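Asks: So that you have it, the file is query06.cif, and it contains mmCIF, C-alpha atoms:
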data_my_file
#
loop_
_atom_site.label_atom_id
_atom_site.label_comp_id
_atom_site.auth_asym_id
_atom_site.auth_seq_id
_atom_site.Cartn_x
_atom_site.Cartn_y
_atom_site.Cartn_z
CA MET I 1 4.47 27.31 -29.57
CA GLU I 2 4.05 23.68 -28.67
CA ARG I 3 5.13 22.68 -25.23
CA LEU I 4 5.71 19.49 -23.36
CA ASN I 5 3.54 18.31 -20.55
CA LEU I 6 6.00 16.96 -18.01
CA GLU I 7 5.08 14.72 -15.11
CA ILE I 8 7.60 13.30 -12.70
CA ILE I 9 6.01 10.80 -10.36
CA THR I 10 7.39 8.68 -7.53
CA PRO I 11 5.40 6.08 -5.62
CA GLU I 12 5.09 8.61 -2.80
CA ARG I 13 3.94 11.68 -4.66
CA VAL I 14 3.67 13.65 -7.87
CA VAL I 15 6.84 15.72 -7.84
CA VAL I 16 6.47 17.77 -11.00
CA SER I 17 3.46 18.40 -13.20
CA GLU I 18 4.21 21.32 -15.48
CA GLU I 19 4.39 22.70 -18.98
CA VAL I 20 7.99 22.77 -20.10
CA ASP I 21 10.00 23.45 -23.24
CA MET I 22 12.67 20.79 -22.98
CA VAL I 23 13.61 17.80 -20.87
CA GLU I 24 16.96 16.10 -20.54
CA ALA I 25 17.70 12.87 -18.73
CA LYS I 26 19.97 9.87 -18.68
CA GLY I 27 18.56 6.72 -20.23
CA ALA I 28 19.84 3.21 -20.68
CA LEU I 29 21.76 4.20 -23.82
CA GLY I 30 23.07 7.49 -22.54
CA GLU I 31 21.67 10.94 -22.18
CA PHE I 32 18.76 12.08 -24.25
CA GLY I 33 16.83 15.27 -24.76
CA ILE I 34 13.16 15.67 -25.53
CA LEU I 35 11.66 18.59 -27.42
CA PRO I 36 8.02 19.06 -28.43
CA GLY I 37 6.98 16.78 -31.28
CA HIS I 38 9.15 13.88 -30.15
CA VAL I 39 8.17 10.40 -31.41
CA GLN I 40 6.69 7.83 -29.03
CA PHE I 41 9.54 6.76 -26.89
CA LEU I 42 10.07 4.47 -23.93
CA THR I 43 13.26 3.93 -22.01
CA THR I 44 14.59 2.85 -18.67
CA LEU I 45 16.28 5.56 -16.65
CA GLU I 46 19.64 5.19 -15.02
CA ILE I 47 20.82 6.83 -11.85
CA GLY I 48 21.34 10.37 -13.02
CA GLU I 49 19.95 13.83 -13.41
CA ILE I 50 16.71 15.00 -14.94
CA CYS I 51 16.78 18.60 -16.10
CA TYR I 52 13.94 20.54 -17.63
CA ALA I 53 13.75 24.03 -19.07
CA GLN I 54 10.92 26.52 -18.98
CA GLY I 55 11.85 29.49 -21.12
CA THR I 56 15.23 30.59 -19.87
CA GLN I 57 14.92 28.91 -16.52
CA SER I 58 15.97 25.37 -15.87
CA ARG I 59 15.72 23.05 -12.92
CA CYS I 60 17.45 19.81 -12.12
CA LEU I 61 16.56 16.74 -10.11
CA ALA I 62 18.61 13.75 -9.08
CA THR I 63 16.96 10.39 -9.52
CA SER I 64 17.75 6.79 -8.71
CA GLY I 65 16.25 5.35 -11.87
CA GLY I 66 12.90 4.32 -13.29
CA PHE I 67 11.10 4.68 -16.60
CA ALA I 68 10.49 7.51 -19.03
CA GLU I 69 7.74 7.60 -21.59
CA VAL I 70 6.93 10.13 -24.31
CA VAL I 71 3.53 10.07 -26.00
CA ASP I 72 2.02 13.02 -27.89
CA ASN I 73 4.04 15.70 -26.12
CA LYS I 74 3.27 14.11 -22.78
CA VAL I 75 6.43 13.18 -20.96
CA THR I 76 6.01 10.89 -17.99
CA PHE I 77 8.85 9.92 -15.70
CA LEU I 78 8.05 7.11 -13.32
CA VAL I 79 10.97 7.08 -10.92
CA ASP I 80 11.72 5.33 -7.66
CA THR I 81 13.02 8.37 -5.84
CA THR I 82 13.88 11.88 -6.87
CA GLU I 83 14.95 15.15 -5.28
CA PHE I 84 15.15 18.68 -6.50
CA ALA I 85 18.65 20.10 -6.62
CA GLU I 86 17.71 22.60 -3.90
CA GLU I 87 16.53 19.85 -1.57
CA ILE I 88 19.72 17.84 -1.69
CA ASP I 89 21.79 17.80 1.44
CA ILE I 90 25.29 18.06 -0.03
CA ASP I 91 27.03 17.19 3.21
CA ARG I 92 25.03 14.04 3.54
CA ALA I 93 25.75 13.07 -0.05
CA ARG I 94 29.48 13.70 0.50
CA ARG I 95 29.45 11.60 3.64
CA ALA I 96 27.64 8.80 1.81
CA LEU I 97 30.21 9.00 -0.96
CA GLU I 98 33.13 8.80 1.45
CA ARG I 99 31.61 5.93 3.34
CA ALA I 100 30.89 3.97 0.17
CA GLU I 101 34.36 4.58 -1.19
CA LYS I 102 35.95 3.39 2.02
CA GLU I 103 33.85 0.23 2.06
CA LEU I 104 34.57 -0.40 -1.57
CA LYS I 105 38.31 -0.39 -1.03
CA GLU I 106 38.03 -3.26 1.42
CA LEU I 107 35.95 -5.44 -0.84
CA ALA I 108 36.89 -7.72 -3.66
CA ALA I 109 35.18 -7.06 -6.96
CA GLU I 110 33.36 -10.38 -7.03
CA GLU I 111 31.50 -9.85 -3.79
CA LYS I 112 27.83 -9.10 -3.84
CA GLU I 113 28.13 -5.88 -1.87
CA TYR I 114 30.61 -4.51 -4.35
CA LYS I 115 27.87 -3.69 -6.79
CA LEU I 116 25.73 -2.15 -4.09
CA TYR I 117 28.49 0.21 -3.06
CA GLU I 118 29.25 1.05 -6.63
CA LEU I 119 25.62 2.04 -7.08
CA ALA I 120 25.75 4.02 -3.86
CA ILE I 121 28.74 5.94 -5.20
CA THR I 122 26.98 6.70 -8.46
CA ARG I 123 23.97 7.90 -6.56
CA ALA I 124 25.98 10.10 -4.25
CA MET I 125 27.97 11.59 -7.13
CA THR I 126 24.81 12.29 -9.07
CA ARG I 127 23.32 14.06 -6.10
CA ILE I 128 26.39 16.16 -5.58
CA SER I 129 26.53 17.14 -9.22
CA ALA I 130 22.81 17.87 -9.34
CA ALA I 131 23.03 19.95 -6.21
CA SER I 132 25.65 22.16 -7.78
CA LYS I 133 23.14 23.07 -10.49
CA LYS I 134 20.59 24.69 -8.27
CA LEU I 135 18.84 27.83 -9.34
CA MET H 1 -30.63 -8.90 41.64
CA ALA H 2 -28.20 -6.07 41.22
CA THR H 3 -28.11 -3.58 44.01
CA LEU H 4 -28.08 0.14 43.47
CA ARG H 5 -24.37 0.25 44.06
CA ASP H 6 -23.73 -2.49 41.45
CA ILE H 7 -25.62 -0.55 38.83
CA LYS H 8 -23.79 2.62 39.65
CA ARG H 9 -20.46 0.85 39.31
CA LYS H 10 -21.50 -0.61 35.97
CA ILE H 11 -22.46 2.81 34.66
CA GLY H 12 -19.06 4.13 35.68
CA SER H 13 -17.21 1.32 33.92
CA ILE H 14 -19.20 1.72 30.72
CA ASN H 15 -18.57 5.43 30.78
CA SER H 16 -14.84 4.87 30.87
CA THR H 17 -15.10 2.32 28.04
CA GLN H 18 -16.92 4.95 26.08
CA THR H 19 -14.10 7.40 26.65
CA ILE H 20 -11.64 4.88 25.24
CA THR H 21 -13.71 4.03 22.18
CA ARG H 22 -14.34 7.70 21.51
CA THR H 23 -10.62 8.42 21.64
CA MET H 24 -9.85 5.50 19.39
CA LYS H 25 -12.42 6.73 16.95
CA MET H 26 -10.83 10.15 16.82
CA VAL H 27 -7.34 8.73 16.47
CA SER H 28 -8.51 6.50 13.61
CA ALA H 29 -10.23 9.43 11.97
CA SER H 30 -7.05 11.46 11.87
CA LYS H 31 -4.99 8.47 10.75
CA LEU H 32 -7.56 7.78 8.08
CA ARG H 33 -7.32 11.30 6.76
CA ARG H 34 -3.56 11.08 6.51
CA ALA H 35 -3.65 7.62 4.93
CA GLN H 36 -6.21 8.80 2.42
CA GLU H 37 -3.96 11.64 1.35
CA GLU H 38 -1.05 9.28 0.90
CA LEU H 39 -3.21 6.83 -0.98
CA ASP H 40 -4.19 9.55 -3.42
CA LYS H 41 -0.55 10.38 -4.04
CA THR H 42 0.36 6.75 -4.57
CA LYS H 43 -2.56 6.34 -6.89
CA ALA H 44 -0.99 8.65 -9.49
CA TYR H 45 2.06 6.42 -9.80
CA ALA H 46 0.08 3.20 -9.80
CA THR H 47 -2.36 4.30 -12.49
CA LYS H 48 0.36 5.75 -14.71
CA LEU H 49 2.38 2.59 -14.44
CA GLU H 50 -0.65 0.47 -15.21
CA GLU H 51 -1.40 2.54 -18.31
CA LEU H 52 2.19 2.25 -19.40
CA VAL H 53 2.26 -1.52 -18.89
CA ARG H 54 -0.99 -1.88 -20.79
CA ARG H 55 0.29 0.11 -23.75
CA VAL H 56 3.53 -1.84 -23.88
CA VAL H 57 1.96 -5.26 -23.42
CA GLN H 58 -0.64 -4.59 -26.11
CA LYS H 59 2.09 -4.45 -28.71
CA LEU H 60 3.83 -7.48 -27.38
CA PRO H 61 3.46 -10.88 -29.04
CA ALA H 62 2.27 -13.61 -26.69
CA GLY H 63 4.78 -15.62 -24.74
CA VAL H 64 7.57 -13.08 -24.66
CA HIS H 65 7.87 -12.90 -20.92
CA PRO H 66 7.22 -15.76 -18.46
CA LEU H 67 5.43 -13.44 -16.03
CA LEU H 68 2.95 -12.55 -18.74
CA THR H 69 2.23 -16.04 -19.97
CA PRO H 70 -0.38 -18.14 -18.20
CA ARG H 71 0.62 -21.76 -17.68
CA GLU H 72 -1.42 -24.38 -19.40
CA GLU H 73 -1.63 -26.61 -16.42
CA VAL H 74 -2.40 -24.98 -13.11
CA LYS H 75 -1.83 -27.37 -10.26
CA LYS H 76 -0.54 -25.28 -7.42
CA VAL H 77 -1.92 -21.88 -6.53
CA LEU H 78 -0.91 -19.31 -3.95
CA VAL H 79 -3.15 -16.78 -2.27
CA VAL H 80 -1.61 -13.56 -1.01
CA THR H 81 -3.79 -12.11 1.70
CA ILE H 82 -3.34 -8.69 3.25
CA SER H 83 -4.85 -8.14 6.67
CA SER H 84 -3.91 -6.00 9.66
CA ASP H 85 -1.84 -6.60 12.76
CA ARG H 86 -4.31 -5.16 15.19
CA GLY H 87 -7.90 -5.90 15.98
CA LEU H 88 -10.77 -3.74 17.17
CA CYS H 89 -11.67 -2.93 13.62
CA GLY H 90 -15.01 -4.61 13.16
CA ALA H 91 -15.28 -7.25 10.49
CA PHE H 92 -12.20 -6.06 8.59
CA ASN H 93 -9.97 -9.04 9.29
CA THR H 94 -12.80 -11.54 9.36
CA ASN H 95 -13.92 -10.50 5.91
CA ILE H 96 -10.53 -10.77 4.32
CA SER H 97 -9.66 -14.04 6.05
CA LEU H 98 -13.04 -15.46 5.16
CA ALA H 99 -12.52 -14.65 1.49
CA THR H 100 -9.27 -16.60 1.53
CA GLU H 101 -10.74 -19.46 3.53
CA ASN H 102 -13.72 -19.78 1.21
CA PHE H 103 -11.49 -19.78 -1.82
CA ILE H 104 -9.32 -22.52 -0.38
CA ILE H 105 -12.26 -24.66 0.68
CA GLN H 106 -14.07 -24.27 -2.61
CA ASN H 107 -11.05 -25.08 -4.75
CA ARG H 108 -9.47 -27.76 -2.63
CA ASP H 109 -10.34 -30.52 -5.05
CA LYS H 110 -9.33 -28.61 -8.13
CA TYR H 111 -5.69 -28.05 -7.28
CA GLU H 112 -2.91 -30.11 -5.91
CA ARG H 113 -1.82 -27.48 -3.45
CA ILE H 114 -3.18 -24.17 -2.27
CA GLY H 115 -0.73 -22.11 -0.30
CA ALA H 116 -1.28 -18.92 1.64
CA TYR H 117 1.13 -16.01 1.73
CA LEU H 118 0.03 -13.75 4.53
CA ILE H 119 0.66 -10.18 5.43
CA GLY H 120 -0.67 -9.12 8.83
CA LYS H 121 -1.01 -10.96 12.10
CA LYS H 122 -4.76 -11.39 12.09
CA ALA H 123 -5.08 -13.42 8.91
CA LYS H 124 -2.21 -15.58 10.07
CA GLU H 125 -3.89 -16.36 13.38
CA TYR H 126 -7.15 -17.07 11.63
CA LEU H 127 -5.76 -19.40 8.98
CA GLN H 128 -3.28 -21.08 11.28
CA ARG H 129 -6.12 -22.13 13.53
CA ARG H 130 -7.75 -23.80 10.53
CA LYS H 131 -4.52 -25.59 9.64
CA PHE H 132 -4.02 -24.18 6.18
CA ASP H 133 -0.79 -24.38 4.26
CA ILE H 134 0.99 -21.14 5.12
CA VAL H 135 3.98 -20.50 2.89
CA ARG H 136 5.18 -17.30 4.47
CA ASP H 137 3.83 -14.66 6.78
CA TRP H 138 4.77 -11.09 7.48
CA THR H 139 3.70 -9.44 10.70
CA ASP H 140 4.36 -6.13 12.40
CA ILE H 141 4.43 -4.01 9.33
CA LYS H 142 4.06 -0.49 10.60
CA LYS H 143 3.99 1.25 7.30
CA PRO H 144 4.47 -0.12 3.80
CA ASP H 145 7.79 0.94 2.34
CA GLN H 146 9.62 0.27 -0.89
CA ASP H 147 12.26 -2.08 0.53
CA LEU H 148 9.74 -4.36 2.11
CA VAL H 149 7.54 -4.36 -0.97
CA GLY H 150 10.57 -5.11 -3.12
CA THR H 151 11.40 -8.14 -1.00
CA ILE H 152 7.84 -9.43 -1.10
CA ALA H 153 7.62 -8.89 -4.85
CA SER H 154 10.84 -10.71 -5.63
CA GLU H 155 9.85 -13.58 -3.35
CA LEU H 156 6.55 -13.96 -5.14
CA ILE H 157 8.18 -13.72 -8.53
CA SER H 158 10.69 -16.41 -7.73
CA LEU H 159 7.98 -18.63 -6.21
CA TYR H 160 6.24 -18.38 -9.54
CA LEU H 161 9.26 -18.68 -11.81
CA ASP H 162 10.70 -21.64 -9.90
CA GLY H 163 7.49 -23.53 -10.55
CA GLU H 164 6.62 -23.62 -6.87
CA PHE H 165 3.24 -22.20 -7.79
CA ASP H 166 1.46 -21.89 -11.12
CA ARG H 167 -0.81 -19.02 -10.29
CA ILE H 168 -0.86 -16.38 -7.60
CA TYR H 169 -3.93 -14.56 -6.36
CA LEU H 170 -3.96 -11.30 -4.45
CA SER H 171 -6.64 -10.58 -1.92
CA TYR H 172 -6.87 -7.27 -0.11
CA THR H 173 -9.42 -4.72 1.02
CA HIS H 174 -10.06 -2.05 -1.55
CA PHE H 175 -10.75 1.38 -0.11
CA TYR H 176 -13.74 2.66 -1.97
CA SER H 177 -14.77 5.42 0.41
CA PRO H 178 -14.63 5.94 4.18
CA VAL H 179 -17.93 4.09 4.49
CA LYS H 180 -17.39 1.47 1.83
CA GLN H 181 -14.57 -1.03 1.51
CA ILE H 182 -14.64 -4.07 -0.68
CA VAL H 183 -12.67 -7.29 -0.40
CA MET H 184 -10.85 -7.82 -3.68
CA PHE H 185 -9.75 -11.20 -4.95
CA ASP H 186 -7.73 -10.92 -8.15
CA GLU H 187 -5.48 -13.01 -10.29
CA PHE H 188 -2.10 -11.49 -9.78
CA ILE H 189 0.73 -13.51 -11.32
CA PRO H 190 0.98 -14.23 -14.23
CA VAL H 191 0.16 -10.64 -14.92
CA HIS H 192 -3.07 -10.41 -16.78
CA ILE H 193 -3.58 -7.20 -18.69
CA ASP H 194 -6.96 -6.41 -20.10
CA LYS H 195 -6.15 -5.66 -23.68
CA GLY H 196 -9.49 -4.05 -24.43
CA SER H 197 -10.11 -2.12 -27.61
CA ASN H 198 -7.78 0.77 -27.04
CA GLU H 199 -7.19 3.31 -29.76
CA GLU H 200 -4.63 2.38 -32.35
CA SER H 201 -1.33 4.05 -31.70
CA SER H 202 2.01 3.84 -33.40
CA ASP H 203 4.73 1.79 -31.79
CA TYR H 204 7.34 3.13 -29.41
CA ILE H 205 10.99 3.59 -29.97
CA TYR H 206 12.47 1.48 -27.23
CA GLU H 207 15.75 2.10 -25.53
CA PRO H 208 17.60 -0.22 -25.17
CA ASP H 209 14.97 -2.74 -26.47
CA VAL H 210 11.54 -4.12 -25.68
CA GLY H 211 12.80 -7.21 -23.93
CA THR H 212 14.94 -5.32 -21.45
CA ILE H 213 12.24 -2.82 -20.71
CA VAL H 214 9.57 -5.44 -20.17
CA LYS H 215 11.94 -7.35 -17.92
CA ALA H 216 12.31 -4.28 -15.72
CA LEU H 217 8.75 -3.09 -16.09
CA ILE H 218 6.83 -6.19 -15.05
CA PRO H 219 8.51 -6.68 -11.66
CA LYS H 220 8.04 -2.98 -11.04
CA TYR H 221 4.39 -3.36 -11.90
CA ILE H 222 4.05 -6.26 -9.48
CA SER H 223 5.75 -4.48 -6.61
CA THR H 224 3.74 -1.31 -7.23
CA LYS H 225 0.57 -3.35 -7.12
CA ILE H 226 1.57 -4.81 -3.78
CA TYR H 227 2.56 -1.40 -2.45
CA TYR H 228 -0.71 0.05 -3.51
CA ALA H 229 -2.70 -2.88 -2.12
CA LEU H 230 -0.93 -2.48 1.23
CA PHE H 231 -1.90 1.17 1.32
CA GLU H 232 -5.47 0.41 0.33
CA SER H 233 -5.65 -2.15 3.07
CA LEU H 234 -4.18 0.20 5.66
CA THR H 235 -6.57 2.98 4.74
CA SER H 236 -9.50 0.57 4.85
CA GLU H 237 -8.39 -0.65 8.26
CA TYR H 238 -8.52 2.87 9.66
CA ALA H 239 -11.88 3.52 8.05
CA VAL H 240 -13.37 0.30 9.41
CA ARG H 241 -11.91 0.94 12.85
CA MET H 242 -13.34 4.42 12.87
CA ALA H 243 -16.79 3.09 12.00
CA ALA H 244 -16.52 0.28 14.54
CA MET H 245 -15.45 2.65 17.30
CA ASP H 246 -18.20 5.07 16.39
CA ASN H 247 -20.69 2.24 16.77
CA ALA H 248 -19.16 1.18 20.06
CA THR H 249 -19.34 4.74 21.38
CA SER H 250 -23.00 5.09 20.57
CA ASN H 251 -23.74 1.62 21.94
CA CYS H 252 -22.08 2.64 25.19
CA GLY H 253 -24.28 5.70 25.29
CA GLU H 254 -27.34 3.55 24.86
CA ILE H 255 -26.41 1.15 27.63
CA VAL H 256 -25.65 4.02 29.98
CA ARG H 257 -29.02 5.54 29.21
CA HIS H 258 -30.76 2.26 29.87
CA LEU H 259 -28.84 1.61 33.08
CA THR H 260 -29.54 5.10 34.36
CA LEU H 261 -33.23 4.44 33.84
CA VAL H 262 -33.01 1.17 35.79
CA TYR H 263 -30.98 2.89 38.47
CA ASN H 264 -33.55 5.68 38.94
CA LYS H 265 -36.43 3.25 38.95
CA ARG H 266 -34.72 1.13 41.54
CA ARG H 267 -33.98 4.16 43.70
CA GLN H 268 -37.57 5.34 43.44
CA GLU H 269 -38.73 1.88 44.41
CA SER H 270 -36.57 1.75 47.49
CA ILE H 271 -37.72 5.23 48.59
CA THR H 272 -41.34 4.17 48.13
CA ASN H 273 -40.71 1.04 50.12
CA GLU H 274 -39.15 2.99 52.95
CA MET H 275 -42.04 5.45 52.93
CA MET H 276 -44.50 2.59 53.14
CA ASP H 277 -42.64 1.18 56.09
CA ILE H 278 -42.68 4.51 57.92
CA VAL H 279 -46.31 5.17 57.14
CA GLY H 280 -47.18 1.63 58.14
CA GLY H 281 -45.27 2.06 61.39
CA ALA H 282 -46.95 5.39 62.13
CA GLU H 283 -50.38 3.88 61.42
CA ALA H 284 -49.65 1.05 63.81
CA LEU H 285 -48.54 3.47 66.55
CA ARG H 286 -51.66 5.62 66.16
CA GLY H 287 -53.83 2.52 66.55
CA THR H 288 -52.66 1.93 70.10
#
Go ahead and render the structure in this file as structure tokens.
Replies:
Amino acid sequence: MERLNLEIITPERVVVSEEVDMVEAKGALGEFGILPGHVQFLTTLEIGEICYAQGTQSRCLATSGGFAEVVDNKVTFLVDTTEFAEEIDIDRARRALERAEKELKELAAEEKEYKLYELAITRAMTRISAASKKL
Amino acid sequence: MATLRDIKRKIGSINSTQTITRTMKMVSASKLRRAQEELDKTKAYATKLEELVRRVVQKLPAGVHPLLTPREEVKKVLVVTISSDRGLCGAFNTNISLATENFIIQNRDKYERIGAYLIGKKAKEYLQRRKFDIVRDWTDIKKPDQDLVGTIASELISLYLDGEFDRIYLSYTHFYSPVKQIVMFDEFIPVHIDKGSNEESSDYIYEPDVGTIVKALIPKYISTKIYYALFESLTSEYAVRMAAMDNATSNCGEIVRHLTLVYNKRRQESITNEMMDIVGGAEALRGT
């Protein structure tokens, strides 16, 4: 059976380079899934989870955004940062979430930091949800 | 004329210099190894991104994005130069500063303004002394990180988009191997992608659309290029320092060898002289 060649790369290192059966991630227009034989595809990635399946096993990563490209069964994710679900420090993510929420309450929506904290919340929530999906 | 004691002292001082240079060489060697590993890891991202940008840009009609379109009239150019903060690394900083200086001197008449955007203390000191137009300088960068690179990239992009400069060059030291580093001098912004004669491939499905993706992709490409250049430069610095310190260590050894020879000769001479005196004295006594 055809398989996908998945590569997840950050500026610091190559995180994943494996043969997989399916990849799911969150793009600019919502979540998408990739199976072997997908057409050429290019999208920006949002803060969210990347999950991939090998046979019956699946693994998840949390990412802070980047690009995804599919060409001839080669799937390349170029992301800014990413962590495996197992590596995520849930307590830290929770603390970050609390802190951001507290700050957010004190800010008006038009301030510049508002957006930053909103992003921080999304990131923290993604990490918490990804962490709950560990193997 | 140096006395025996002077020579001995000199040998001692050179020996301790040698200890320092030898240590620095070993420190640089281990730093180089680590930097090289990190460079390799970064390389994967940089090359993939470059491939991606090339494939996307190939399909793009000209003039879609301002960062991809060369200006017809180039009056003001900016040179981004990456050097190091610390010396004792041979000709590393001289080479990179010289490349920038030569470019500025050679093209002075062609452009209205040539600015310099400097990273690293050494290039700044060098070019400041020669009274060049320094737009911005960054010093004390311990290790390149994404935040810093992001700031630099967006500064450069806005310098270009605001019409402050019409073309930006990037000059850094490319790490070819531990014994070979080359000074690179490239056109940087507007981004120039070698279209080449790549194989025909069908178009992508873009999400959300080409424009949005290119808008996100090109700045990313620029910052990755800077990040990568910083790492190349850092790795080169360690390699050059290691070579320089290796040279210094062996030079120290040579001087010590030479001085020891002089020292022994001098000692022999003084013993001979003393002997002559004694013999002469004894001869004189026997005569009476």
Asks: Only residues of chain I matter here; which ones have an atom within 12 Å of chain H, counting all atoms listed in the file? Give them as a ChimeraX atom specification.
Replies: /I:7-17,26-32,38-46,65-72,74-81
Asks: Can you spell out as a list in words the set of residues that the PyMOL selection byres ((chain I and resi 58) around 10) selects in the structure I just provided?
Replies: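 Selection result, ordered by chain and number: Val20, Asp21, Met22, Val23, Cys51, Tyr52, Ala53, Gln54, Gly55, Thr56, Gln57, Arg59, Cys60, Lys133, Lys134 and Leu135 of chain I.
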Asks: Counting all atoms listed in the file, write as a PyMOL selection string all protein and nucleic acid residues lying at most 8 Å from (17.1, 16.6, -9.7) in the file's frame.
Replies: chain I and resi 49-51+59-63+82-85+127+130-131
Asks: Show which residues sit within 8 Å of stretch 99-106 of chain I, as a count of residues only. Count all atoms listed in the file, and ignore same-chain residues fewer than 6 positions away.
Replies: 5
Asks: Kindly indicate which residue among H:Met26, H:Asn264, H:Gly287, H:Ser223 lies nearest to H:Asp147, using all atoms listed in the file for the distances.
Replies: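 The shortest atom-to-atom distance to H:Asp147 comes from H:Ser223.
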